[in-house]
>>> print(open('my_file13.json').read())   # JSON, C-alpha atoms
[["chain", "number", "residue", "atom", "x", "y", "z"],
["A", 211, "MET", "CA", 25.66, -1.12, -21.02],
["A", 212, "LYS", "CA", 22.23, 0.10, -22.04],
["A", 213, "ARG", "CA", 19.34, -1.61, -20.23],
["A", 214, "THR", "CA", 15.95, -2.58, -21.57],
["A", 215, "PRO", "CA", 13.25, -0.44, -19.93],
["A", 216, "VAL", "CA", 11.21, -2.33, -17.35],
["A", 217, "THR", "CA", 7.41, -2.29, -17.21],
["A", 218, "ARG", "CA", 6.31, 0.00, -14.38],
["A", 219, "ARG", "CA", 4.17, -1.36, -11.56],
["A", 220, "THR", "CA", 0.96, 0.50, -10.91],
["A", 221, "SER", "CA", -0.92, -1.95, -8.66],
["A", 222, "GLN", "CA", -1.70, -1.11, -5.05],
["A", 223, "ALA", "CA", -0.14, -4.27, -3.66],
["A", 224, "ASP", "CA", 3.39, -4.09, -2.33],
["A", 225, "SER", "CA", 5.52, -6.67, -4.10],
["A", 226, "ARG", "CA", 7.85, -6.87, -1.08],
["A", 227, "LEU", "CA", 5.16, -8.24, 1.20],
["A", 228, "LEU", "CA", 4.71, -11.99, 0.92],
["A", 229, "LEU", "CA", 1.59, -12.94, 2.86],
["A", 230, "SER", "CA", 2.62, -16.49, 3.58],
["A", 231, "GLY", "CA", 5.31, -15.33, 6.02],
["A", 232, "MET", "CA", 3.59, -12.37, 7.66],
["A", 233, "TYR", "CA", 1.25, -13.96, 10.19],
["A", 234, "ASP", "CA", 2.54, -13.45, 13.72],
["A", 235, "GLU", "CA", 0.77, -14.78, 16.80],
["A", 236, "GLN", "CA", 1.98, -11.88, 18.94],
["A", 237, "VAL", "CA", 0.77, -9.27, 16.46],
["A", 238, "ASN", "CA", -2.59, -11.04, 16.27],
["A", 239, "ALA", "CA", -2.85, -10.88, 20.07],
["A", 240, "GLU", "CA", -2.04, -7.17, 19.92],
["A", 241, "LEU", "CA", -4.81, -6.63, 17.37],
["A", 242, "ARG", "CA", -7.24, -8.40, 19.69],
["A", 243, "ASP", "CA", -6.10, -6.26, 22.62],
["A", 244, "GLU", "CA", -6.80, -3.13, 20.57],
["A", 245, "LEU", "CA", -10.45, -4.11, 20.20],
["A", 246, "GLN", "CA", -12.99, -2.93, 22.74],
["A", 247, "PRO", "CA", -14.35, -5.81, 24.88],
["A", 248, "GLU", "CA", -17.72, -5.65, 23.13],
["A", 249, "LEU", "CA", -15.99, -6.33, 19.79],
["A", 250, "ARG", "CA", -14.22, -9.50, 20.94],
["A", 251, "ARG", "CA", -16.91, -11.81, 19.60],
["A", 252, "ASP", "CA", -17.78, -13.77, 16.48],
["A", 253, "TYR", "CA", -21.35, -12.64, 15.84],
["A", 254, "PHE", "CA", -22.89, -9.19, 15.39],
["A", 255, "ASP", "CA", -26.46, -8.20, 14.62],
["A", 256, "ARG", "CA", -28.44, -4.97, 14.68],
["A", 257, "LYS", "CA", -28.78, -5.13, 18.47],
["A", 258, "SER", "CA", -25.22, -6.10, 19.39],
["A", 259, "MET", "CA", -23.02, -4.21, 16.94],
["A", 260, "PRO", "CA", -21.70, -0.74, 17.86],
["A", 261, "LYS", "CA", -23.70, 2.19, 16.54],
["A", 262, "GLU", "CA", -20.67, 3.30, 14.52],
["A", 263, "TRP", "CA", -20.71, -0.04, 12.70],
["A", 264, "LEU", "CA", -24.42, 0.19, 12.07],
["A", 265, "ALA", "CA", -24.03, 3.67, 10.61],
["A", 266, "ALA", "CA", -21.38, 2.31, 8.22],
["A", 267, "MET", "CA", -23.53, -0.62, 7.03],
["A", 268, "MET", "CA", -24.80, -0.34, 3.49],
["A", 269, "GLU", "CA", -27.77, -2.49, 4.48],
["A", 270, "ASP", "CA", -28.81, 0.12, 7.07],
["A", 271, "LEU", "CA", -29.24, 2.81, 4.45],
["A", 272, "PRO", "CA", -32.93, 3.76, 3.93],
["A", 273, "ARG", "CA", -33.17, 2.18, 0.46],
["A", 274, "TYR", "CA", -31.99, -1.16, 1.87],
["A", 275, "ARG", "CA", -34.02, -1.09, 5.09],
["A", 276, "THR", "CA", -37.27, -0.88, 3.14],
["A", 277, "SER", "CA", -36.40, -4.19, 1.48],
["A", 278, "GLY", "CA", -35.87, -5.82, 4.87],
["A", 279, "LYS", "CA", -32.18, -6.64, 4.40],
["A", 280, "GLY", "CA", -30.42, -7.71, 7.60],
["A", 281, "VAL", "CA", -27.08, -6.48, 8.89],
["A", 282, "ALA", "CA", -25.90, -9.55, 10.80],
["A", 283, "ILE", "CA", -22.26, -10.61, 10.47],
["A", 284, "SER", "CA", -21.38, -14.13, 11.56],
["A", 285, "LEU", "CA", -17.76, -15.22, 11.90],
["A", 286, "ARG", "CA", -18.67, -18.46, 13.65],
["A", 287, "GLY", "CA", -16.71, -21.52, 12.59],
["A", 288, "LEU", "CA", -13.58, -19.55, 11.68],
["A", 289, "PRO", "CA", -10.28, -19.88, 13.62],
["A", 290, "ASP", "CA", -9.89, -17.43, 16.47],
["A", 291, "PRO", "CA", -6.92, -15.57, 14.84],
["A", 292, "MET", "CA", -8.96, -15.11, 11.66],
["A", 293, "VAL", "CA", -11.96, -13.86, 13.65],
["A", 294, "THR", "CA", -9.71, -11.29, 15.31],
["A", 295, "GLU", "CA", -8.39, -10.17, 11.91],
["A", 296, "LEU", "CA", -11.83, -9.79, 10.37],
["A", 297, "VAL", "CA", -13.25, -7.88, 13.35],
["A", 298, "TRP", "CA", -10.16, -5.65, 13.44],
["A", 299, "CYS", "CA", -10.54, -5.01, 9.69],
["A", 300, "LEU", "CA", -14.20, -4.10, 10.11],
["A", 301, "GLN", "CA", -13.33, -1.69, 12.92],
["A", 302, "ARG", "CA", -10.54, -0.15, 10.86],
["A", 303, "GLN", "CA", -12.88, 0.35, 7.90],
["A", 304, "VAL", "CA", -15.32, 2.15, 10.15],
["A", 305, "GLU", "CA", -12.54, 4.37, 11.52],
["A", 306, "ILE", "CA", -11.37, 5.47, 8.06],
["A", 307, "GLY", "CA", -14.90, 6.11, 6.82],
["A", 308, "LEU", "CA", -15.47, 3.15, 4.50],
["A", 309, "ARG", "CA", -18.83, 1.51, 3.90],
["A", 310, "ILE", "CA", -19.36, -2.10, 5.02],
["A", 311, "SER", "CA", -21.62, -4.63, 3.32],
["A", 312, "SER", "CA", -22.78, -7.39, 5.65],
["A", 313, "ASN", "CA", -23.92, -9.30, 2.55],
["A", 314, "SER", "CA", -20.40, -9.20, 1.07],
["A", 315, "MET", "CA", -18.87, -10.17, 4.41],
["A", 316, "GLY", "CA", -21.29, -13.09, 4.63],
["A", 317, "LYS", "CA", -20.27, -14.39, 1.21],
["A", 318, "LEU", "CA", -16.59, -14.05, 2.10],
["A", 319, "THR", "CA", -16.91, -15.84, 5.45],
["A", 320, "ASN", "CA", -18.98, -18.63, 3.86],
["A", 321, "ALA", "CA", -16.25, -19.08, 1.24],
["A", 322, "LEU", "CA", -13.58, -19.20, 3.95],
["A", 323, "ARG", "CA", -15.51, -21.86, 5.88],
["A", 324, "LEU", "CA", -15.67, -24.03, 2.75],
["A", 325, "VAL", "CA", -11.93, -23.77, 2.26],
["A", 326, "LEU", "CA", -11.21, -24.57, 5.92],
["A", 327, "ARG", "CA", -12.98, -27.91, 5.65],
["A", 328, "ASP", "CA", -9.97, -29.18, 3.71],
["A", 329, "ARG", "CA", -7.39, -26.70, 5.02],
["A", 330, "PRO", "CA", -7.86, -26.33, 8.78],
["A", 331, "ASP", "CA", -4.19, -25.29, 8.97],
["A", 332, "LEU", "CA", -5.04, -21.86, 7.52],
["A", 333, "MET", "CA", -5.39, -19.85, 10.72],
["A", 334, "SER", "CA", -4.98, -16.37, 9.24],
["A", 335, "LEU", "CA", -5.95, -14.40, 6.14],
["A", 336, "LEU", "CA", -2.20, -13.99, 5.70],
["A", 337, "SER", "CA", -1.52, -17.74, 5.75],
["A", 338, "VAL", "CA", -1.32, -17.84, 1.95],
["A", 339, "GLU", "CA", -1.14, -15.36, -0.91],
["A", 340, "ARG", "CA", -4.32, -13.69, -2.10],
["A", 341, "ASP", "CA", -4.24, -15.52, -5.46],
["A", 342, "GLU", "CA", -3.99, -18.84, -3.64],
["A", 343, "TRP", "CA", -6.98, -17.94, -1.47],
["A", 344, "VAL", "CA", -8.98, -17.22, -4.62],
["A", 345, "ALA", "CA", -7.93, -20.56, -6.15],
["A", 346, "LEU", "CA", -8.79, -22.43, -2.94],
["A", 347, "ILE", "CA", -12.20, -20.75, -2.79],
["A", 348, "ASN", "CA", -12.96, -21.68, -6.40],
["A", 349, "ARG", "CA", -11.87, -25.30, -5.84],
["A", 350, "ALA", "CA", -13.96, -25.55, -2.66],
["A", 351, "HIS", "CA", -17.08, -24.41, -4.51],
["A", 352, "ILE", "CA", -16.42, -26.83, -7.37],
["A", 353, "ARG", "CA", -16.02, -29.64, -4.83],
["A", 354, "GLU", "CA", -19.39, -28.73, -3.39],
["A", 355, "GLU", "CA", -20.82, -28.53, -6.93],
["A", 356, "ARG", "CA", -21.64, -24.89, -6.30],
["A", 357, "SER", "CA", -19.71, -23.00, -8.96],
["A", 358, "LEU", "CA", -19.42, -19.28, -8.29],
["A", 359, "PRO", "CA", -20.96, -16.82, -10.76],
["A", 360, "PRO", "CA", -18.27, -14.39, -12.02],
["A", 361, "THR", "CA", -19.82, -11.37, -10.28],
["A", 362, "GLN", "CA", -19.98, -13.21, -6.95],
["A", 363, "ALA", "CA", -16.42, -14.51, -7.33],
["A", 364, "LYS", "CA", -15.22, -10.96, -7.98],
["A", 365, "GLY", "CA", -17.11, -9.65, -4.96],
["A", 366, "ILE", "CA", -15.52, -12.24, -2.68],
["A", 367, "SER", "CA", -12.09, -11.51, -4.12],
["A", 368, "ASP", "CA", -12.58, -7.76, -3.63],
["A", 369, "SER", "CA", -13.72, -8.21, -0.01],
["A", 370, "LEU", "CA", -10.78, -10.50, 0.68],
["A", 371, "GLY", "CA", -8.36, -8.08, -0.98],
["A", 372, "ARG", "CA", -9.62, -5.15, 1.08],
["A", 373, "CYS", "CA", -9.09, -7.07, 4.33],
["A", 374, "ILE", "CA", -5.65, -8.27, 3.27],
["A", 375, "ASN", "CA", -4.55, -4.76, 2.28],
["A", 376, "ILE", "CA", -5.57, -3.46, 5.70],
["A", 377, "LEU", "CA", -3.83, -6.32, 7.53],
["A", 378, "LEU", "CA", -0.57, -5.99, 5.59],
["A", 379, "TYR", "CA", 0.29, -2.76, 7.35],
["A", 380, "ALA", "CA", -0.85, -4.02, 10.74],
["A", 381, "TYR", "CA", 1.42, -7.07, 10.52],
["A", 382, "HIS", "CA", 4.42, -5.35, 8.95],
["A", 383, "ARG", "CA", 7.18, -5.13, 11.55],
["A", 384, "GLY", "CA", 9.88, -3.19, 9.71],
["A", 385, "ASP", "CA", 10.30, 0.58, 9.30],
["A", 386, "TRP", "CA", 7.26, 1.98, 7.50],
["A", 387, "TRP", "CA", 9.41, 3.70, 4.90],
["A", 388, "ARG", "CA", 10.97, 0.46, 3.66],
["A", 389, "LEU", "CA", 7.71, -0.51, 1.94],
["A", 390, "ASN", "CA", 7.32, 0.24, -1.76],
["A", 391, "VAL", "CA", 3.76, 1.45, -1.33],
["A", 392, "TRP", "CA", 3.12, 4.23, 1.19],
["A", 393, "ASN", "CA", -0.57, 4.28, 2.07],
["A", 394, "PRO", "CA", -1.40, 6.80, 4.81],
["A", 395, "THR", "CA", -5.04, 5.70, 4.89],
["A", 396, "LEU", "CA", -4.10, 2.19, 5.97],
["A", 397, "ASP", "CA", -0.70, 2.77, 7.62],
["A", 398, "ALA", "CA", -1.10, 4.85, 10.76],
["A", 399, "ARG", "CA", 2.70, 4.92, 11.26],
["A", 400, "ILE", "CA", 3.17, 7.50, 8.51],
["A", 401, "PRO", "CA", 3.47, 10.97, 10.12],
["A", 402, "LEU", "CA", 1.08, 13.44, 8.50],
["A", 403, "ARG", "CA", 0.10, 16.98, 9.35],
["A", 404, "GLU", "CA", -3.40, 17.22, 10.80],
["A", 405, "HIS", "CA", -5.08, 18.70, 7.72],
["A", 406, "GLU", "CA", -3.17, 17.02, 4.90],
["A", 407, "PRO", "CA", -5.24, 17.56, 1.72],
["A", 408, "GLN", "CA", -3.65, 14.62, -0.11],
["A", 409, "ARG", "CA", -3.77, 12.08, 2.73],
["A", 410, "SER", "CA", -5.90, 9.73, 0.61],
["A", 411, "GLU", "CA", -3.23, 9.59, -2.13],
["A", 412, "ASN", "CA", -0.68, 6.77, -2.05],
["A", 413, "ILE", "CA", 2.98, 7.02, -3.05],
["A", 414, "TYR", "CA", 4.44, 4.20, -5.15],
["A", 415, "PHE", "CA", 8.13, 3.38, -5.46],
["A", 416, "SER", "CA", 8.07, 0.14, -7.44],
["A", 417, "HIS", "CA", 8.50, 2.06, -10.70],
["A", 418, "LEU", "CA", 11.94, 3.18, -9.46],
["A", 419, "THR", "CA", 13.46, -0.10, -10.65],
["A", 420, "THR", "CA", 17.09, 0.72, -9.84],
["A", 421, "PRO", "CA", 17.49, -0.59, -6.26],
["A", 422, "TRP", "CA", 19.92, 2.05, -4.98],
["A", 423, "LEU", "CA", 17.76, 4.89, -6.35],
["A", 424, "ARG", "CA", 14.54, 3.44, -4.93],
["A", 425, "GLU", "CA", 15.97, 2.84, -1.45],
["A", 426, "ALA", "CA", 17.74, 6.20, -1.34],
["A", 427, "ALA", "CA", 14.59, 8.03, -2.42],
["A", 428, "LYS", "CA", 12.50, 6.29, 0.23],
["A", 429, "TRP", "CA", 14.99, 7.05, 2.99],
["A", 430, "TRP", "CA", 15.46, 10.68, 1.94],
["A", 431, "LEU", "CA", 11.75, 11.43, 1.65],
["A", 432, "SER", "CA", 10.81, 9.62, 4.86],
["A", 433, "ARG", "CA", 13.41, 11.51, 6.89],
["A", 434, "GLN", "CA", 12.22, 14.84, 5.50],
["A", 435, "LEU", "CA", 8.62, 13.97, 6.30],
["A", 436, "GLU", "CA", 9.46, 12.89, 9.86],
["A", 437, "ARG", "CA", 11.44, 16.10, 10.41],
["A", 438, "GLU", "CA", 8.53, 18.15, 9.01],
["A", 439, "LYS", "CA", 10.76, 19.54, 6.28],
["A", 440, "TYR", "CA", 8.41, 18.20, 3.61],
["A", 441, "THR", "CA", 4.67, 17.65, 3.62],
["A", 442, "TRP", "CA", 2.96, 14.61, 2.11],
["A", 443, "SER", "CA", 2.06, 16.72, -0.92],
["A", 444, "THR", "CA", 5.72, 17.66, -1.37],
["A", 445, "LEU", "CA", 6.77, 14.02, -1.12],
["A", 446, "ARG", "CA", 4.38, 13.04, -3.90],
["A", 447, "SER", "CA", 5.79, 15.69, -6.23],
["A", 448, "ARG", "CA", 9.45, 14.80, -5.45],
["A", 449, "GLN", "CA", 8.85, 11.08, -5.94],
["A", 450, "SER", "CA", 6.98, 11.69, -9.18],
["A", 451, "VAL", "CA", 9.72, 13.68, -10.90],
["A", 452, "LEU", "CA", 12.36, 11.06, -9.98],
["A", 453, "THR", "CA", 10.65, 8.92, -12.63],
["A", 454, "HIS", "CA", 12.44, 11.03, -15.26],
["A", 455, "PHE", "CA", 15.79, 10.24, -13.71],
["A", 456, "GLN", "CA", 14.97, 6.53, -13.59],
["A", 457, "ARG", "CA", 14.17, 6.55, -17.31],
["A", 458, "TYR", "CA", 17.34, 8.46, -18.06],
["A", 459, "ILE", "CA", 19.62, 6.00, -16.27],
["A", 460, "ASP", "CA", 17.69, 3.15, -17.93],
["A", 461, "GLU", "CA", 18.74, 4.58, -21.27],
["A", 462, "ILE", "CA", 22.36, 5.35, -20.50],
["A", 463, "GLY", "CA", 22.91, 2.21, -18.41],
["A", 464, "CYS", "CA", 24.04, 3.67, -15.07],
["A", 465, "ASP", "CA", 24.01, 1.02, -12.32],
["A", 466, "ASP", "CA", 25.93, 2.88, -9.62],
["A", 467, "PRO", "CA", 24.93, 5.85, -7.44],
["A", 468, "ARG", "CA", 28.29, 7.47, -8.28],
["A", 469, "LEU", "CA", 27.14, 8.98, -11.55],
["A", 470, "ALA", "CA", 30.42, 10.49, -12.74],
["A", 471, "ASP", "CA", 33.86, 11.61, -11.62],
["A", 472, "GLU", "CA", 34.03, 15.17, -10.36],
["A", 473, "GLU", "CA", 35.48, 16.58, -13.59],
["A", 474, "GLU", "CA", 32.80, 14.80, -15.62],
["A", 475, "LEU", "CA", 29.85, 15.87, -13.48],
["A", 476, "GLY", "CA", 29.14, 19.04, -15.45],
["A", 477, "ASP", "CA", 28.88, 17.11, -18.72],
["A", 478, "TRP", "CA", 26.74, 14.45, -17.08],
["A", 479, "SER", "CA", 24.34, 17.05, -15.67],
["A", 480, "GLU", "CA", 24.13, 18.77, -19.05],
["A", 481, "GLY", "CA", 23.31, 15.42, -20.66],
["A", 482, "PHE", "CA", 20.38, 14.92, -18.30],
["A", 483, "ARG", "CA", 19.19, 18.47, -18.93],
["A", 484, "ILE", "CA", 19.24, 17.92, -22.70],
["A", 485, "TRP", "CA", 17.46, 14.59, -22.31],
["A", 486, "LEU", "CA", 14.70, 16.28, -20.29],
["A", 487, "ARG", "CA", 14.32, 18.95, -22.97],
["A", 488, "ASP", "CA", 13.49, 16.25, -25.52],
["A", 489, "ARG", "CA", 10.92, 14.45, -23.32],
["A", 490, "VAL", "CA", 7.17, 14.61, -23.82],
["A", 491, "VAL", "CA", 4.39, 14.25, -21.26],
["A", 492, "SER", "CA", 3.24, 10.62, -21.16],
["A", 493, "TRP", "CA", -0.17, 11.04, -19.47],
["A", 494, "GLY", "CA", -2.83, 13.58, -18.51],
["A", 495, "PRO", "CA", -4.27, 16.53, -20.44],
["A", 496, "GLN", "CA", -0.78, 17.56, -21.67],
["A", 497, "LYS", "CA", 0.03, 14.09, -23.04],
["A", 498, "GLY", "CA", 2.24, 14.22, -26.12],
["A", 499, "LYS", "CA", 3.46, 17.76, -25.45],
["A", 500, "ALA", "CA", 7.03, 18.64, -24.50],
["A", 501, "LEU", "CA", 7.84, 18.83, -20.79],
["A", 502, "GLY", "CA", 7.43, 22.38, -19.61],
["A", 503, "ALA", "CA", 10.26, 24.39, -18.12],
["A", 504, "ALA", "CA", 8.80, 24.03, -14.62],
["A", 505, "GLN", "CA", 8.69, 20.23, -14.94],
["A", 506, "ARG", "CA", 12.26, 20.04, -16.21],
["A", 507, "ARG", "CA", 13.44, 22.31, -13.40],
["A", 508, "ALA", "CA", 11.58, 20.19, -10.82],
["A", 509, "ALA", "CA", 13.30, 17.02, -12.09],
["A", 510, "MET", "CA", 16.74, 18.61, -11.80],
["A", 511, "THR", "CA", 15.96, 20.11, -8.39],
["A", 512, "ALA", "CA", 14.69, 16.83, -6.91],
["A", 513, "LEU", "CA", 17.81, 15.01, -8.04],
["A", 514, "GLU", "CA", 20.05, 17.73, -6.60],
["A", 515, "GLN", "CA", 18.18, 17.65, -3.27],
["A", 516, "LEU", "CA", 18.44, 13.85, -3.08],
["A", 517, "TYR", "CA", 22.21, 13.89, -3.61],
["A", 518, "ARG", "CA", 22.79, 16.83, -1.29],
["A", 519, "PHE", "CA", 20.84, 15.07, 1.47],
["A", 520, "MET", "CA", 22.70, 11.80, 0.99],
["A", 521, "TYR", "CA", 26.02, 13.65, 1.07],
["A", 522, "ASP", "CA", 25.11, 15.52, 4.28],
["A", 523, "GLU", "CA", 23.73, 12.38, 5.93],
["A", 524, "HIS", "CA", 26.21, 9.86, 4.52],
["A", 525, "SER", "CA", 26.94, 8.12, 7.84],
["A", 526, "ALA", "CA", 23.26, 7.63, 8.70],
["A", 527, "ALA", "CA", 22.57, 6.61, 5.09],
["A", 528, "ARG", "CA", 25.11, 3.81, 5.30],
["A", 529, "ARG", "CA", 23.47, 2.50, 8.48],
["A", 530, "ALA", "CA", 19.99, 2.66, 6.93]]
>>> encode(input="my_file13.json", output="structure tokens")
Amino acid sequence: MKRTPVTRRTSQADSRLLLSGMYDEQVNAELRDELQPELRRDYFDRKSMPKEWLAAMMEDLPRYRTSGKGVAISLRGLPDPMVTELVWCLQRQVEIGLRISSNSMGKLTNALRLVLRDRPDLMSLLSVERDEWVALINRAHIREERSLPPTQAKGISDSLGRCINILLYAYHRGDWWRLNVWNPTLDARIPLREHEPQRSENIYFSHLTTPWLREAAKWWLSRQLEREKYTWSTLRSRQSVLTHFQRYIDEIGCDDPRLADEEELGDWSEGFRIWLRDRVVSWGPQKGKALGAAQRRAAMTALEQLYRFMYDEHSAARRA
């Protein structure tokens, strides 16, 4: 039966991760233990914050210092687990080279304090979904008759989203490869070579909407990365060309990893090859042009490598 094509996900959030169930007291304690003793506090100013933090502060740039902007960050009045999360997020941002705005952090923490007046049960940024946090923040400001201007509301949402995205990977307890978004910047569990040129590029699997294909692709590529058979750059190219196969099985209605009987496999493979020949590029400078020979060959090769790996590793694949 032919299936209706599904809209592809392109967002950076991982649809598998539901925030409301991710908070873990033990993990939070581990995050606190990772912090240096001087970071286990709820207030930082120019004198008390580490020099690395100060160097990352937007307000410490020369153009801001001349206007007298401060760099203090106050987390006072927030629950201890939430303080730990915010400090850990700030430290992580410094480690990966991101800029920090004490002004934005101040607006976020003020918004959180307003929410907590009515919802003291919210101990963690992962207590509820991000959209619910945004709704709670808006309602809290309306209650105080202090409606948020759109630009300020967006800034708070962006700051909250950045912290949540960082915490998602810290709290995730399963195998790193089971996630649908692989983010080596935020997920230190992903094994990369020391000088990986594409380490800032994520890999998304949500667009592989056939469950068996998505899970098989993730397992195959993760094993090859861990064994140093593939680099991160290779993974990105293999995952990308599997999109063609997903679209093909969408059209022909194949729901099972056993694509064809042995005597039919040649015809099936030829059908995919012909289908690729009729495809056009859907984005980029070559948009609208026919897929080149190298792209068609890469799509066939990736599929062959996936099936060969699953055949060779069939016992381990069943366990995974």
>>> closest_residue(input="my_file13.json", among="A:Arg483, A:Ala426, A:Cys464, A:Ala398", to="Arg528 (chain A)", atoms="all atoms listed in the file")
A:Ala426
>>> residues_near_point(input="my_file13.json", point="(-7.5, -20.7, 7.4)", cutoff="10 Å", atoms="only C-alpha atoms", output="ChimeraX atom specification")
/A:288-292,322-338,343
>>> closest_residue(input="my_file13.json", among="A:Ser450, A:Ser525, A:Asn238, A:Ser357", to="Phe415 (chain A)", atoms="all atoms listed in the file")
A:Ser450
>>> atom_distance(input="my_file13.json", atom1="CA of Arg286 (chain A)", atom2="CA of Leu396 (chain A)")
26.4 Å
>>> atom_distance(input="my_file13.json", atom1="CA of Met268 (chain A)", atom2="CA of Ile310 (chain A)")
5.9 Å
>>> residues_near_point(input="my_file13.json", point="(-8.8, -8.0, 2.8)", cutoff="12 Å", atoms="only C-alpha atoms", output="PyMOL selection string")
chain A and resi 223+229+292+295-300+302-303+314-315+318-319+334-336+339-340+343-344+365-380+396
>>> atom_distance(input="my_file13.json", atom1="CA of Asp341 (chain A)", atom2="CA of Val293 (chain A)")
20.7 Å
>>> closest_residue(input="my_file13.json", among="A:Asp471, A:Ser258, A:Ile459, A:Leu402", to="Glu438 (chain A)", atoms="only C-alpha atoms")
A:Leu402
>>> closest_atom_pairs(input="my_file13.json", of="region 300-410 of chain A", to="region 444-447 of chain A", cutoff="12 Å", atoms="only C-alpha atoms", output="tab-separated table")
residue	atom	partner	partner_atom	distance
A:Val391	CA	A:Arg446	CA	11.9
A:Trp392	CA	A:Arg446	CA	10.3
A:Asn393	CA	A:Arg446	CA	11.7
A:Leu402	CA	A:Leu445	CA	11.2
A:Glu406	CA	A:Thr444	CA	10.9
A:Pro407	CA	A:Thr444	CA	11.4
A:Gln408	CA	A:Arg446	CA	9.0
A:Arg409	CA	A:Arg446	CA	10.5
A:Ser410	CA	A:Arg446	CA	11.7
>>> closest_residue(input="my_file13.json", among="A:Arg487, A:Gly481, A:Leu358, A:Pro401", to="Glu461 (chain A)", atoms="all atoms listed in the file")
A:Gly481
>>> residues_around(input="my_file13.json", residues="region 498-507 of chain A", least_positions_apart="6", cutoff="10 Å", atoms="only C-alpha atoms", output="PDB file with C-alpha atoms, in the frame of the given file")
ATOM      1  CA  VAL A 451       9.720  13.680 -10.900  1.00  0.00           C
ATOM      2  CA  HIS A 454      12.440  11.030 -15.260  1.00  0.00           C
ATOM      3  CA  PHE A 482      20.380  14.920 -18.300  1.00  0.00           C
ATOM      4  CA  ARG A 483      19.190  18.470 -18.930  1.00  0.00           C
ATOM      5  CA  ILE A 484      19.240  17.920 -22.700  1.00  0.00           C
ATOM      6  CA  TRP A 485      17.460  14.590 -22.310  1.00  0.00           C
ATOM      7  CA  LEU A 486      14.700  16.280 -20.290  1.00  0.00           C
ATOM      8  CA  ARG A 487      14.320  18.950 -22.970  1.00  0.00           C
ATOM      9  CA  ASP A 488      13.490  16.250 -25.520  1.00  0.00           C
ATOM     10  CA  ARG A 489      10.920  14.450 -23.320  1.00  0.00           C
ATOM     11  CA  VAL A 490       7.170  14.610 -23.820  1.00  0.00           C
ATOM     12  CA  VAL A 491       4.390  14.250 -21.260  1.00  0.00           C
ATOM     13  CA  SER A 492       3.240  10.620 -21.160  1.00  0.00           C
TER      14      SER A 492
END
>>> residues_around(input="my_file13.json", residues="region 418-425 of chain A", least_positions_apart="5", cutoff="7 Å", atoms="all atoms listed in the file", output="PyMOL selection string")
chain A and resi 453+456+467
